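A quick write-up on the structure given underneath.
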Amino acid sequence: MTTTRIFNEKGLTYFRNWLQAKPVGCFSPEALMSEEFTEPLEGHEIDLSIGLSRQFEFAKYLTHVLSRFSYSELMAEKYDGLWAWLSAAFYHLLAGKKPKREEHYLVVRKGPMGSLAYRNDARTAFLLFSVHGDFSLLCLDKRMDVWGELSEQLTSRQRLMLSKAYFRAGTVLYVRDGKVKRGIATKPKPADTRPFGDKAGRGGARRLAVALDRLQLTYDVEMMSGQQILEILPKEFRVSN
Amino acid sequence: MPRISTKSNPTGIVEFNERDVDFVIEQREGFEKFRLLELKLPTRRIPESCEVVVIVRAGQTFNRFILGTLNNWDKGFRQLDNLDPSAVRRVRILVHPPDQPKLVASAERLMHRGAGDRDSILPMIGRDLGELAWKLSKEGDEFVIVYNSKIFSTIDGISQYTPFTALVLPEALRQVLNRLADSDERDDEVGPWAAWLVWLRTLNVDEPPADERFDDPLQKSEWVDNAVNAFCEMHKLGSSLSKTIIGEA
């Protein structure tokens with residue numbers, strides 16, 4: 001066990017430069033613990049050698065390590081260095097053999113595409129588990145090094161990412177025996193170009209977001225259980241269930 | 001999914017009259033806070049034991065509060081956390097019987113006083129833009145005209161300043177319609193374009209083709225031009241500007 005740390009400006013720059021080469025393997029353990037690059041987050045011990053294979057386990061573990069904080073406190077900009085440090089500490093797991101773009105390891109708040117903070121794997125996993133608990137499996141049932149289409153769809157829209165209704169209903173619809181069904185992120189073709197009988201994407205995760213958007217005009221969906229929501233969803237969702 | 005007519009009220013939900021809802025959003029003790037002051041029911045047939053839920057939205061972020069019942073809700077300040085600082089605050093008020101999720105009354109997309117015009121499809125808000133006079137900004141699902149608050153001190157002043165309305169509004173509209181024309185989400189009846197498509201009908205211009213996008217860029221620019229011209233025609237923007245210039249000469 002070791003004390004969790006936060007990258008300072010110098011540490012963030014060092015990590016950003018290191019990421020540019022899209023390295024495979026571990027981040028420098030010396031830099032991770034360096035007094036020059038980091039500051040300790042006293043009272044928060046972490047095991048950097050813990051074996052993690054799924055993002056759901058990672059999220060659960062981070063929530064345990066950072067349990068003294070409220071999740072909203074840790075979303076503030078002053079903790080960006082914490083998420084970068086955690087990404088560096090678990091980089092070998094999060095990057096795998098094919099590292100992703102830097103926003104998956106740093107917290108990128110400004111850019112031509114707007115804030116990409118949601119793409120920081122560690123921060124988003126922690127946020128989802130803190131808000132949704134076990135329902136977060138819907139978005140976190142994946143290998144440590146995978147981001148995925150469903151994550152992009154759900155987390156790029158904060159309204160959806162924080163919607164308890166979406167995660168409850170999504171769990172009832174798409175999670176079976178602790179596993180998320182395959183193909184739920186498929187995009188349905190527009191009605192006028194869809195071949196007759198093509199049902200791809202119907203009852204899927206994209207359509208669920210649209211359906212809930214409509215239902216929330218008539219129901220306070222955020223107070224409803226997954227099963228209650230299922231009962232008022234259009235037929236296409238009952239077929240997929 | 002079946003289309004629900006926007007003209008009838010199949011759900012029976014009572015809409016609050018905007019002037020019967022009074023709330024404030026302000027900075028207090030270094031935090032942004034919300035407080036619901038008044039909620040006048042438009043009808044007596046809603047039981048006072050119904051719960052009042054408030055959702056404050058800013059772009060893609062939101063805070064949700066259960067304030068109590070219609071006859072006894074918490075009128076104190078509630079702190080707003082993690083809202084998108086650059087987005088316009090919009091408020092939803094939901095009323096439903098306790099433990100029953102179906103709404104009996106609601107108020108949608110309210111803006112707090114001072115934040116801009118409350119019900120415009122293209123609200124205006126003031127910010128310090130340096131040397132820039134205005135810009136169109138997309139905040140969440142919503143377009144906003146941001147004017148430079150160092151140049152124009154109040155929203156009333158700007159909306160009565162003809163050169164601004166005659167020159168800026170058509171250009172802002174053009175930018176919005178170009179994005180609408182390029183969007184593949186515009187057939188979604190509750191999506192970001194739904195209100196725009198309803199509004200466009202008031203201009204008596206053709207709806208954009210049902211396909212995902214315009215195939216021909218010329219066809220697109222022609223459609224946008226027609227809509228902008230119709231808007232200028234409807235509000236006689238050219239004549240107003242001309243009168244202002246002659247008046248000033």
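Each chain in the structure tokens gets a letter, A, B and so on, in the order shown; residues start at 1 in every chain, and ligands are counted from 1 in the order they appear.
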Kindly assemble as a tab-separated table a list of the chain A residues that lie within 9 Å of chain B, each paired with its nearest atom pair and their distance in Å to one decimal, using only C-alpha atoms, sorted first by chain and then by ascending residue number.
```
residue	atom	partner	partner_atom	distance
A:Ser72	CA	B:Asn82	CA	6.9
A:Glu73	CA	B:Asn82	CA	8.8
A:Met75	CA	B:Asn82	CA	7.9
A:Ala76	CA	B:Asn82	CA	7.9
A:Arg157	CA	B:Gln60	CA	6.0
A:Gln158	CA	B:Gln60	CA	5.2
A:Arg159	CA	B:Gln60	CA	5.1
A:Leu160	CA	B:Gln60	CA	8.3
A:Leu162	CA	B:Thr61	CA	8.4
A:Pro190	CA	B:Glu212	CA	7.6
A:Asp192	CA	B:Asp211	CA	7.1
A:Thr193	CA	B:Asp211	CA	8.2
A:Val210	CA	B:Val190	CA	7.8
A:Ala211	CA	B:Met1	CA	8.3
A:Asp213	CA	B:Val190	CA	6.9
A:Arg214	CA	B:Val190	CA	6.3
A:Leu217	CA	B:Leu103	CA	8.2
A:Thr218	CA	B:Leu103	CA	5.6
A:Tyr219	CA	B:Lys102	CA	4.4
A:Asp220	CA	B:Pro101	CA	5.0
A:Val221	CA	B:Pro101	CA	6.7
A:Glu222	CA	B:Pro101	CA	8.6
A:Met223	CA	B:Pro101	CA	6.7
A:Met224	CA	B:Pro101	CA	6.7
A:Pro234	CA	B:Met1	CA	6.7
A:Lys235	CA	B:Met1	CA	8.6
A:Glu236	CA	B:Met1	CA	8.7
```
Original post:
Which parts of stretch 19-196 of chain A does DSSP call alpha helix (DSSP H) when run on the backbone here, written out as a PyMOL selection string?
Top reply: chain A and resi 19+29-33+55-65+71-74+80-89+91-95+121-132+137-140+149-155+158-161+164-174
Original post:
So, counting only C-alpha atoms, which residue among B:Pro217, B:Pro47, B:Gly30, B:Pro209 is closest to B:Leu80?
Top reply: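 Of all the options, B:Gly30 lies closest to B:Leu80.
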Original post:
Any idea what the distance is between atom CA of B:Arg28 and atom CA of B:Phe77?
Top reply: 9.1 Å
Subject >> Residues within 10 Å of stretch 202-204 of chain A, only C-alpha atoms, excluding chain neighbours under 6 positions, as JSON, numbers by chain >> reply: {"A": [170, 173, 174, 183, 184, 185, 186, 187, 188, 189, 211, 233, 234, 235, 236, 237, 238, 239, 240, 241]}
Original post:
So how many Å separate atom CA of A:Lys10 and atom CA of A:Val65, to one decimal?
Top reply: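 Computing it gives 24.6 Å between the two atoms.
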Subject >> B:Glu139, B:Arg179, B:Arg35, B:Arg44 ranked by distance to B:Asp84, top pick (using only C-alpha atoms) >> reply: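 For B:Asp84, the nearest of the candidates is B:Glu139.
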Subject >> Polymer residues at most 12 Å from A:Phe167, only C-alpha atoms, same-chain spacing of 4 or more positions, as a PyMOL selection string >> reply: chain A and resi 128-129+131-140+154-155+159-163+171-175+205+208-209+212+221-222+224-227+229-230
Only N, CA and C atoms, please: the residues just picked out, written as a compact mmCIF listing (two decimals), in the first residue's frame.
```txt
# COMPACT_ATOMS: atom_id res chain seq x y z
N LEU A 128 -19.24 7.25 -12.31
CA LEU A 128 -20.39 6.37 -12.59
C LEU A 128 -20.71 5.46 -11.41
N PHE A 129 -19.66 4.91 -10.80
CA PHE A 129 -19.93 4.01 -9.66
C PHE A 129 -20.45 4.80 -8.47
N VAL A 131 -22.28 7.50 -8.50
CA VAL A 131 -23.66 7.93 -8.73
C VAL A 131 -24.62 6.74 -8.83
N HIS A 132 -24.21 5.71 -9.54
CA HIS A 132 -25.15 4.63 -9.88
C HIS A 132 -24.90 3.32 -9.14
N GLY A 133 -23.79 3.23 -8.40
CA GLY A 133 -23.50 1.98 -7.69
C GLY A 133 -23.45 0.81 -8.66
N ASP A 134 -24.10 -0.29 -8.30
CA ASP A 134 -24.02 -1.50 -9.14
C ASP A 134 -24.64 -1.31 -10.53
N PHE A 135 -25.55 -0.33 -10.65
CA PHE A 135 -26.14 -0.08 -11.98
C PHE A 135 -25.09 0.42 -12.99
N SER A 136 -23.96 0.91 -12.47
CA SER A 136 -22.93 1.43 -13.38
C SER A 136 -22.30 0.33 -14.23
N LEU A 137 -22.56 -0.92 -13.85
CA LEU A 137 -22.06 -2.05 -14.64
C LEU A 137 -22.46 -1.90 -16.11
N LEU A 138 -23.62 -1.32 -16.34
CA LEU A 138 -24.13 -1.10 -17.69
C LEU A 138 -23.05 -0.46 -18.59
N CYS A 139 -22.29 0.45 -18.02
CA CYS A 139 -21.28 1.16 -18.80
C CYS A 139 -19.86 0.67 -18.51
N LEU A 140 -19.70 -0.09 -17.42
CA LEU A 140 -18.33 -0.44 -16.99
C LEU A 140 -18.02 -1.92 -17.12
N LEU A 154 -22.90 7.30 -23.73
CA LEU A 154 -23.49 7.60 -22.42
C LEU A 154 -22.79 8.73 -21.70
N THR A 155 -21.48 8.77 -21.79
CA THR A 155 -20.75 9.71 -20.95
C THR A 155 -20.52 11.07 -21.61
N ARG A 159 -26.17 14.71 -18.96
CA ARG A 159 -27.54 14.51 -18.52
C ARG A 159 -27.88 13.02 -18.52
N LEU A 160 -27.32 12.33 -19.49
CA LEU A 160 -27.54 10.89 -19.58
C LEU A 160 -26.66 10.16 -18.58
N MET A 161 -25.42 10.63 -18.48
CA MET A 161 -24.46 9.96 -17.60
C MET A 161 -24.95 9.98 -16.15
N LEU A 162 -25.64 11.05 -15.76
CA LEU A 162 -26.09 11.18 -14.37
C LEU A 162 -27.54 10.75 -14.18
N SER A 163 -28.16 10.25 -15.24
CA SER A 163 -29.58 9.89 -15.14
C SER A 163 -29.74 8.52 -14.47
N THR A 171 -30.21 -1.31 -17.11
CA THR A 171 -29.80 -2.54 -16.44
C THR A 171 -30.86 -3.62 -16.61
N VAL A 172 -32.12 -3.24 -16.45
CA VAL A 172 -33.19 -4.23 -16.62
C VAL A 172 -33.21 -4.75 -18.06
N LEU A 173 -32.95 -3.84 -19.00
CA LEU A 173 -33.05 -4.22 -20.41
C LEU A 173 -31.83 -4.99 -20.92
N TYR A 174 -30.66 -4.55 -20.51
CA TYR A 174 -29.47 -5.04 -21.21
C TYR A 174 -28.49 -5.86 -20.37
N VAL A 175 -28.71 -5.97 -19.06
CA VAL A 175 -27.76 -6.74 -18.25
C VAL A 175 -28.38 -8.09 -17.88
N ALA A 205 -29.52 1.04 -26.88
CA ALA A 205 -29.16 2.08 -25.91
C ALA A 205 -29.42 3.49 -26.43
N LEU A 208 -33.11 4.12 -26.22
CA LEU A 208 -33.56 4.26 -24.84
C LEU A 208 -33.41 5.72 -24.38
N ALA A 209 -32.31 6.35 -24.80
CA ALA A 209 -32.10 7.76 -24.43
C ALA A 209 -33.22 8.63 -25.01
N LEU A 212 -36.58 7.89 -23.18
CA LEU A 212 -36.65 8.49 -21.84
C LEU A 212 -36.84 10.00 -21.93
N VAL A 221 -39.35 10.38 -14.34
CA VAL A 221 -38.69 9.08 -14.53
C VAL A 221 -37.57 8.83 -13.53
N GLU A 222 -37.00 9.91 -13.01
CA GLU A 222 -35.86 9.73 -12.09
C GLU A 222 -36.27 9.07 -10.78
N MET A 224 -38.41 6.56 -10.71
CA MET A 224 -38.99 5.25 -11.03
C MET A 224 -37.92 4.15 -11.03
N SER A 225 -38.38 2.93 -10.73
CA SER A 225 -37.46 1.78 -10.79
C SER A 225 -37.32 1.36 -12.25
N GLY A 226 -36.31 0.55 -12.52
CA GLY A 226 -36.10 0.05 -13.88
C GLY A 226 -37.31 -0.68 -14.41
N GLN A 227 -37.91 -1.50 -13.55
CA GLN A 227 -39.07 -2.29 -13.95
C GLN A 227 -40.26 -1.38 -14.27
N ILE A 229 -40.12 1.67 -15.33
CA ILE A 229 -39.86 2.35 -16.61
C ILE A 229 -40.12 1.40 -17.77
N LEU A 230 -39.67 0.17 -17.59
CA LEU A 230 -39.85 -0.83 -18.65
C LEU A 230 -41.33 -0.94 -19.04
```
Original post:
Pick from A:Ser130, A:Gln228, A:Asn120, A:Ser87: nearest to A:Glu152, with only C-alpha atoms counted?
Top reply: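 The answer is A:Asn120, which sits nearest to A:Glu152.
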Among stretch 19-224 of chain B, which ones does DSSP place in strand (DSSP E or B), written as a PDB file with C-alpha atoms, in the first residue's frame?
```
ATOM      1  CA  VAL B  21     -43.765  30.780 -10.982  1.00  0.00           C
ATOM      2  CA  ASP B  22     -41.220  32.862  -9.147  1.00  0.00           C
ATOM      3  CA  PHE B  23     -37.724  31.708  -8.328  1.00  0.00           C
ATOM      4  CA  VAL B  24     -34.235  33.107  -7.997  1.00  0.00           C
ATOM      5  CA  ILE B  25     -30.788  31.868  -8.884  1.00  0.00           C
ATOM      6  CA  GLU B  26     -28.054  33.944  -7.359  1.00  0.00           C
ATOM      7  CA  GLN B  27     -24.579  33.930  -5.872  1.00  0.00           C
ATOM      8  CA  ARG B  28     -24.631  33.695  -2.070  1.00  0.00           C
ATOM      9  CA  PHE B  31     -21.942  29.553  -4.123  1.00  0.00           C
ATOM     10  CA  GLU B  32     -24.631  29.587  -6.752  1.00  0.00           C
ATOM     11  CA  LYS B  33     -27.986  28.946  -5.119  1.00  0.00           C
ATOM     12  CA  PHE B  34     -31.584  28.352  -6.128  1.00  0.00           C
ATOM     13  CA  ARG B  35     -34.788  29.184  -4.298  1.00  0.00           C
ATOM     14  CA  LEU B  36     -38.421  28.646  -5.313  1.00  0.00           C
ATOM     15  CA  LEU B  37     -40.485  31.524  -3.985  1.00  0.00           C
ATOM     16  CA  GLU B  38     -43.877  31.153  -5.541  1.00  0.00           C
ATOM     17  CA  LEU B  39     -45.880  28.553  -7.409  1.00  0.00           C
ATOM     18  CA  GLU B  51     -44.755  16.708  -4.454  1.00  0.00           C
ATOM     19  CA  VAL B  52     -42.782  19.547  -6.012  1.00  0.00           C
ATOM     20  CA  VAL B  53     -39.579  18.576  -7.823  1.00  0.00           C
ATOM     21  CA  VAL B  54     -37.248  21.129  -9.343  1.00  0.00           C
ATOM     22  CA  ILE B  55     -34.595  20.419 -11.963  1.00  0.00           C
ATOM     23  CA  VAL B  56     -32.090  23.182 -12.709  1.00  0.00           C
ATOM     24  CA  ARG B  57     -30.322  22.521 -16.008  1.00  0.00           C
ATOM     25  CA  ALA B  58     -27.276  24.154 -17.542  1.00  0.00           C
ATOM     26  CA  THR B  61     -25.513  19.324 -16.477  1.00  0.00           C
ATOM     27  CA  PHE B  62     -28.356  19.404 -13.976  1.00  0.00           C
ATOM     28  CA  ASN B  63     -29.269  19.454 -10.287  1.00  0.00           C
ATOM     29  CA  ARG B  64     -32.488  17.948  -8.998  1.00  0.00           C
ATOM     30  CA  PHE B  65     -34.278  18.803  -5.756  1.00  0.00           C
ATOM     31  CA  ILE B  66     -37.407  17.417  -4.110  1.00  0.00           C
ATOM     32  CA  LEU B  67     -38.699  20.502  -2.329  1.00  0.00           C
ATOM     33  CA  GLY B  68     -41.719  19.130  -0.460  1.00  0.00           C
ATOM     34  CA  THR B  69     -45.439  19.325  -1.137  1.00  0.00           C
ATOM     35  CA  ASN B  72     -45.525  23.142   2.226  1.00  0.00           C
ATOM     36  CA  TRP B  73     -42.375  23.251   0.141  1.00  0.00           C
ATOM     37  CA  ARG B  78     -30.490  25.115  -2.324  1.00  0.00           C
ATOM     38  CA  GLN B  79     -26.889  25.033  -3.454  1.00  0.00           C
ATOM     39  CA  ARG B  89     -29.766  28.020 -16.432  1.00  0.00           C
ATOM     40  CA  ARG B  90     -33.129  26.506 -17.319  1.00  0.00           C
ATOM     41  CA  VAL B  91     -35.602  25.327 -14.725  1.00  0.00           C
ATOM     42  CA  ARG B  92     -38.175  22.515 -14.882  1.00  0.00           C
ATOM     43  CA  ILE B  93     -40.798  22.179 -12.211  1.00  0.00           C
ATOM     44  CA  LEU B  94     -42.595  18.877 -11.846  1.00  0.00           C
ATOM     45  CA  VAL B  95     -45.612  18.140  -9.687  1.00  0.00           C
ATOM     46  CA  HIS B  96     -46.859  14.631  -9.037  1.00  0.00           C
ATOM     47  CA  LYS B 102     -47.027  10.444 -13.488  1.00  0.00           C
ATOM     48  CA  ALA B 105     -48.508  19.639 -13.572  1.00  0.00           C
ATOM     49  CA  SER B 106     -45.227  20.984 -14.920  1.00  0.00           C
ATOM     50  CA  ALA B 107     -43.367  24.042 -16.075  1.00  0.00           C
ATOM     51  CA  GLU B 108     -40.666  23.636 -18.689  1.00  0.00           C
ATOM     52  CA  ARG B 109     -37.535  25.530 -19.722  1.00  0.00           C
ATOM     53  CA  LEU B 110     -37.991  28.534 -17.438  1.00  0.00           C
ATOM     54  CA  MET B 111     -35.151  31.017 -17.298  1.00  0.00           C
ATOM     55  CA  MET B 124     -29.689  36.509 -25.477  1.00  0.00           C
ATOM     56  CA  ILE B 125     -27.292  36.729 -22.576  1.00  0.00           C
ATOM     57  CA  GLY B 126     -24.556  39.219 -21.790  1.00  0.00           C
ATOM     58  CA  ARG B 127     -20.913  38.338 -21.149  1.00  0.00           C
ATOM     59  CA  TRP B 134     -21.504  39.162 -30.190  1.00  0.00           C
ATOM     60  CA  LYS B 135     -21.356  35.501 -30.997  1.00  0.00           C
ATOM     61  CA  LEU B 136     -23.640  32.541 -31.360  1.00  0.00           C
ATOM     62  CA  SER B 137     -23.009  29.937 -28.721  1.00  0.00           C
ATOM     63  CA  LYS B 138     -24.336  26.395 -28.307  1.00  0.00           C
ATOM     64  CA  GLU B 139     -24.943  25.593 -24.688  1.00  0.00           C
ATOM     65  CA  GLU B 142     -29.651  25.238 -26.907  1.00  0.00           C
ATOM     66  CA  PHE B 143     -28.425  28.103 -29.049  1.00  0.00           C
ATOM     67  CA  VAL B 144     -27.838  31.447 -27.371  1.00  0.00           C
ATOM     68  CA  ILE B 145     -26.821  34.850 -28.707  1.00  0.00           C
ATOM     69  CA  VAL B 146     -24.083  36.070 -26.425  1.00  0.00           C
ATOM     70  CA  TYR B 147     -23.684  39.844 -26.591  1.00  0.00           C
ATOM     71  CA  ASN B 148     -20.796  41.782 -25.167  1.00  0.00           C
TER      72      ASN B 148
END
```
Original post:
Contacts of A:Trp147 at 9 Å or less, counting only C-alpha atoms, minus same-chain residues fewer than 5 places along, as a list in words?
Top reply: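 My list of contacting residues is Lys100, His104, Arg119, Asp121, Lys142 and Glu152 of chain A.
Take atom CA of A:Asp145 and atom CA of A:Ala200: the distance between them is 27.0 Å.
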Subject >> Spatial neighbours of A:Leu86, 9 Å, only C-alpha atoms, chain gap at least 3 places, as a PyMOL selection string >> reply: chain A and resi 4-6+81-83+89-91+105+122-123
Emit the selected residues as an mmCIF file, in the first residue's frame, including all heavy atoms.
```cif
data_model
loop_
_atom_site.group_PDB
_atom_site.id
_atom_site.type_symbol
_atom_site.label_atom_id
_atom_site.label_comp_id
_atom_site.auth_asym_id
_atom_site.auth_seq_id
_atom_site.Cartn_x
_atom_site.Cartn_y
_atom_site.Cartn_z
ATOM 1 N N THR A 4 -1.957 7.715 -1.919
ATOM 2 C CA THR A 4 -2.401 8.250 -3.220
ATOM 3 C C THR A 4 -1.787 9.638 -3.394
ATOM 4 O O THR A 4 -1.648 10.380 -2.422
ATOM 5 C CB THR A 4 -3.941 8.355 -3.236
ATOM 6 O OG1 THR A 4 -4.478 7.076 -2.914
ATOM 7 C CG2 THR A 4 -4.471 8.802 -4.580
ATOM 8 N N ARG A 5 -1.429 9.975 -4.619
ATOM 9 C CA ARG A 5 -0.788 11.275 -4.850
ATOM 10 C C ARG A 5 -1.500 12.044 -5.956
ATOM 11 O O ARG A 5 -2.322 11.487 -6.704
ATOM 12 C CB ARG A 5 0.697 11.076 -5.175
ATOM 13 C CG ARG A 5 1.433 10.289 -4.092
ATOM 14 C CD ARG A 5 2.907 10.177 -4.372
ATOM 15 N NE ARG A 5 3.645 11.390 -4.078
ATOM 16 C CZ ARG A 5 4.109 11.711 -2.873
ATOM 17 N NH1 ARG A 5 3.924 10.912 -1.841
ATOM 18 N NH2 ARG A 5 4.784 12.832 -2.684
ATOM 19 N N ILE A 6 -1.173 13.334 -6.045
ATOM 20 C CA ILE A 6 -1.750 14.191 -7.090
ATOM 21 C C ILE A 6 -0.598 14.808 -7.875
ATOM 22 O O ILE A 6 0.342 15.335 -7.275
ATOM 23 C CB ILE A 6 -2.579 15.340 -6.464
ATOM 24 C CG1 ILE A 6 -3.688 14.770 -5.584
ATOM 25 C CG2 ILE A 6 -3.160 16.245 -7.529
ATOM 26 C CD1 ILE A 6 -4.582 15.831 -4.962
ATOM 27 N N GLY A 81 -5.254 16.702 -11.377
ATOM 28 C CA GLY A 81 -3.953 16.044 -11.172
ATOM 29 C C GLY A 81 -4.096 14.680 -10.514
ATOM 30 O O GLY A 81 -3.256 13.794 -10.714
ATOM 31 N N LEU A 82 -5.155 14.500 -9.726
ATOM 32 C CA LEU A 82 -5.398 13.197 -9.084
ATOM 33 C C LEU A 82 -5.761 12.152 -10.140
ATOM 34 O O LEU A 82 -5.231 11.037 -10.145
ATOM 35 C CB LEU A 82 -6.540 13.325 -8.072
ATOM 36 C CG LEU A 82 -7.105 12.012 -7.524
ATOM 37 C CD1 LEU A 82 -6.078 11.286 -6.660
ATOM 38 C CD2 LEU A 82 -8.379 12.262 -6.723
ATOM 39 N N TRP A 83 -6.660 12.543 -11.066
ATOM 40 C CA TRP A 83 -7.095 11.583 -12.092
ATOM 41 C C TRP A 83 -5.959 11.240 -13.045
ATOM 42 O O TRP A 83 -5.840 10.106 -13.505
ATOM 43 C CB TRP A 83 -8.321 12.126 -12.843
ATOM 44 C CG TRP A 83 -9.438 12.388 -11.886
ATOM 45 C CD1 TRP A 83 -9.966 13.592 -11.535
ATOM 46 C CD2 TRP A 83 -10.103 11.413 -11.068
ATOM 47 N NE1 TRP A 83 -10.929 13.433 -10.565
ATOM 48 C CE2 TRP A 83 -11.038 12.104 -10.259
ATOM 49 C CE3 TRP A 83 -10.005 10.030 -10.941
ATOM 50 C CZ2 TRP A 83 -11.858 11.452 -9.342
ATOM 51 C CZ3 TRP A 83 -10.828 9.379 -10.027
ATOM 52 C CH2 TRP A 83 -11.739 10.083 -9.243
ATOM 53 N N ALA A 89 -0.680 5.702 -12.717
ATOM 54 C CA ALA A 89 -0.401 4.566 -11.840
ATOM 55 C C ALA A 89 -0.940 3.252 -12.434
ATOM 56 O O ALA A 89 -0.338 2.204 -12.276
ATOM 57 C CB ALA A 89 -1.020 4.813 -10.467
ATOM 58 N N PHE A 90 -2.086 3.335 -13.108
ATOM 59 C CA PHE A 90 -2.680 2.115 -13.687
ATOM 60 C C PHE A 90 -2.568 2.131 -15.214
ATOM 61 O O PHE A 90 -3.348 1.461 -15.898
ATOM 62 C CB PHE A 90 -4.156 2.004 -13.260
ATOM 63 C CG PHE A 90 -4.326 1.717 -11.787
ATOM 64 C CD1 PHE A 90 -4.585 2.736 -10.891
ATOM 65 C CD2 PHE A 90 -4.169 0.428 -11.288
ATOM 66 C CE1 PHE A 90 -4.715 2.477 -9.533
ATOM 67 C CE2 PHE A 90 -4.303 0.152 -9.927
ATOM 68 C CZ PHE A 90 -4.571 1.188 -9.041
ATOM 69 N N TYR A 91 -1.607 2.895 -15.728
ATOM 70 C CA TYR A 91 -1.489 3.081 -17.172
ATOM 71 C C TYR A 91 -1.342 1.751 -17.915
ATOM 72 O O TYR A 91 -1.973 1.534 -18.952
ATOM 73 C CB TYR A 91 -0.298 3.994 -17.492
ATOM 74 C CG TYR A 91 -0.136 4.252 -18.968
ATOM 75 C CD1 TYR A 91 -0.916 5.210 -19.606
ATOM 76 C CD2 TYR A 91 0.759 3.496 -19.734
ATOM 77 C CE1 TYR A 91 -0.797 5.422 -20.966
ATOM 78 C CE2 TYR A 91 0.884 3.706 -21.087
ATOM 79 C CZ TYR A 91 0.111 4.667 -21.708
ATOM 80 O OH TYR A 91 0.223 4.871 -23.055
ATOM 81 N N TYR A 105 -6.252 9.694 -20.354
ATOM 82 C CA TYR A 105 -5.363 9.593 -19.187
ATOM 83 C C TYR A 105 -5.213 10.933 -18.470
ATOM 84 O O TYR A 105 -4.974 10.982 -17.271
ATOM 85 C CB TYR A 105 -3.992 9.057 -19.607
ATOM 86 C CG TYR A 105 -4.131 7.864 -20.534
ATOM 87 C CD1 TYR A 105 -3.880 7.967 -21.908
ATOM 88 C CD2 TYR A 105 -4.597 6.634 -20.046
ATOM 89 C CE1 TYR A 105 -4.059 6.886 -22.758
ATOM 90 C CE2 TYR A 105 -4.792 5.554 -20.892
ATOM 91 C CZ TYR A 105 -4.517 5.685 -22.246
ATOM 92 O OH TYR A 105 -4.716 4.620 -23.086
ATOM 93 N N ALA A 122 -10.445 6.804 -15.625
ATOM 94 C CA ALA A 122 -10.479 6.646 -14.172
ATOM 95 C C ALA A 122 -11.539 7.549 -13.551
ATOM 96 O O ALA A 122 -12.345 7.121 -12.723
ATOM 97 C CB ALA A 122 -9.101 6.976 -13.594
ATOM 98 N N ARG A 123 -11.560 8.799 -13.982
ATOM 99 C CA ARG A 123 -12.496 9.781 -13.428
ATOM 100 C C ARG A 123 -13.945 9.375 -13.714
ATOM 101 O O ARG A 123 -14.811 9.415 -12.850
ATOM 102 C CB ARG A 123 -12.175 11.148 -14.059
ATOM 103 C CG ARG A 123 -12.984 12.317 -13.560
ATOM 104 C CD ARG A 123 -12.445 13.573 -14.244
ATOM 105 N NE ARG A 123 -13.120 14.777 -13.810
ATOM 106 C CZ ARG A 123 -14.198 15.285 -14.403
ATOM 107 N NH1 ARG A 123 -14.745 14.672 -15.438
ATOM 108 N NH2 ARG A 123 -14.738 16.399 -13.954
#
```
Subject >> Residue nearest A:Val24 - candidates A:Leu48, A:Ala84, A:Leu66, A:Ala95, atoms counted: only C-alpha atoms >> reply: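 Looking at the shortest contact to A:Val24, the residue is A:Ala95.
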Original post:
Looking at only C-alpha atoms, which of B:Thr165, B:Ser159, B:Ser242, B:Asn226 is the one that sits closest to B:Leu177?
Top reply: B:Asn226
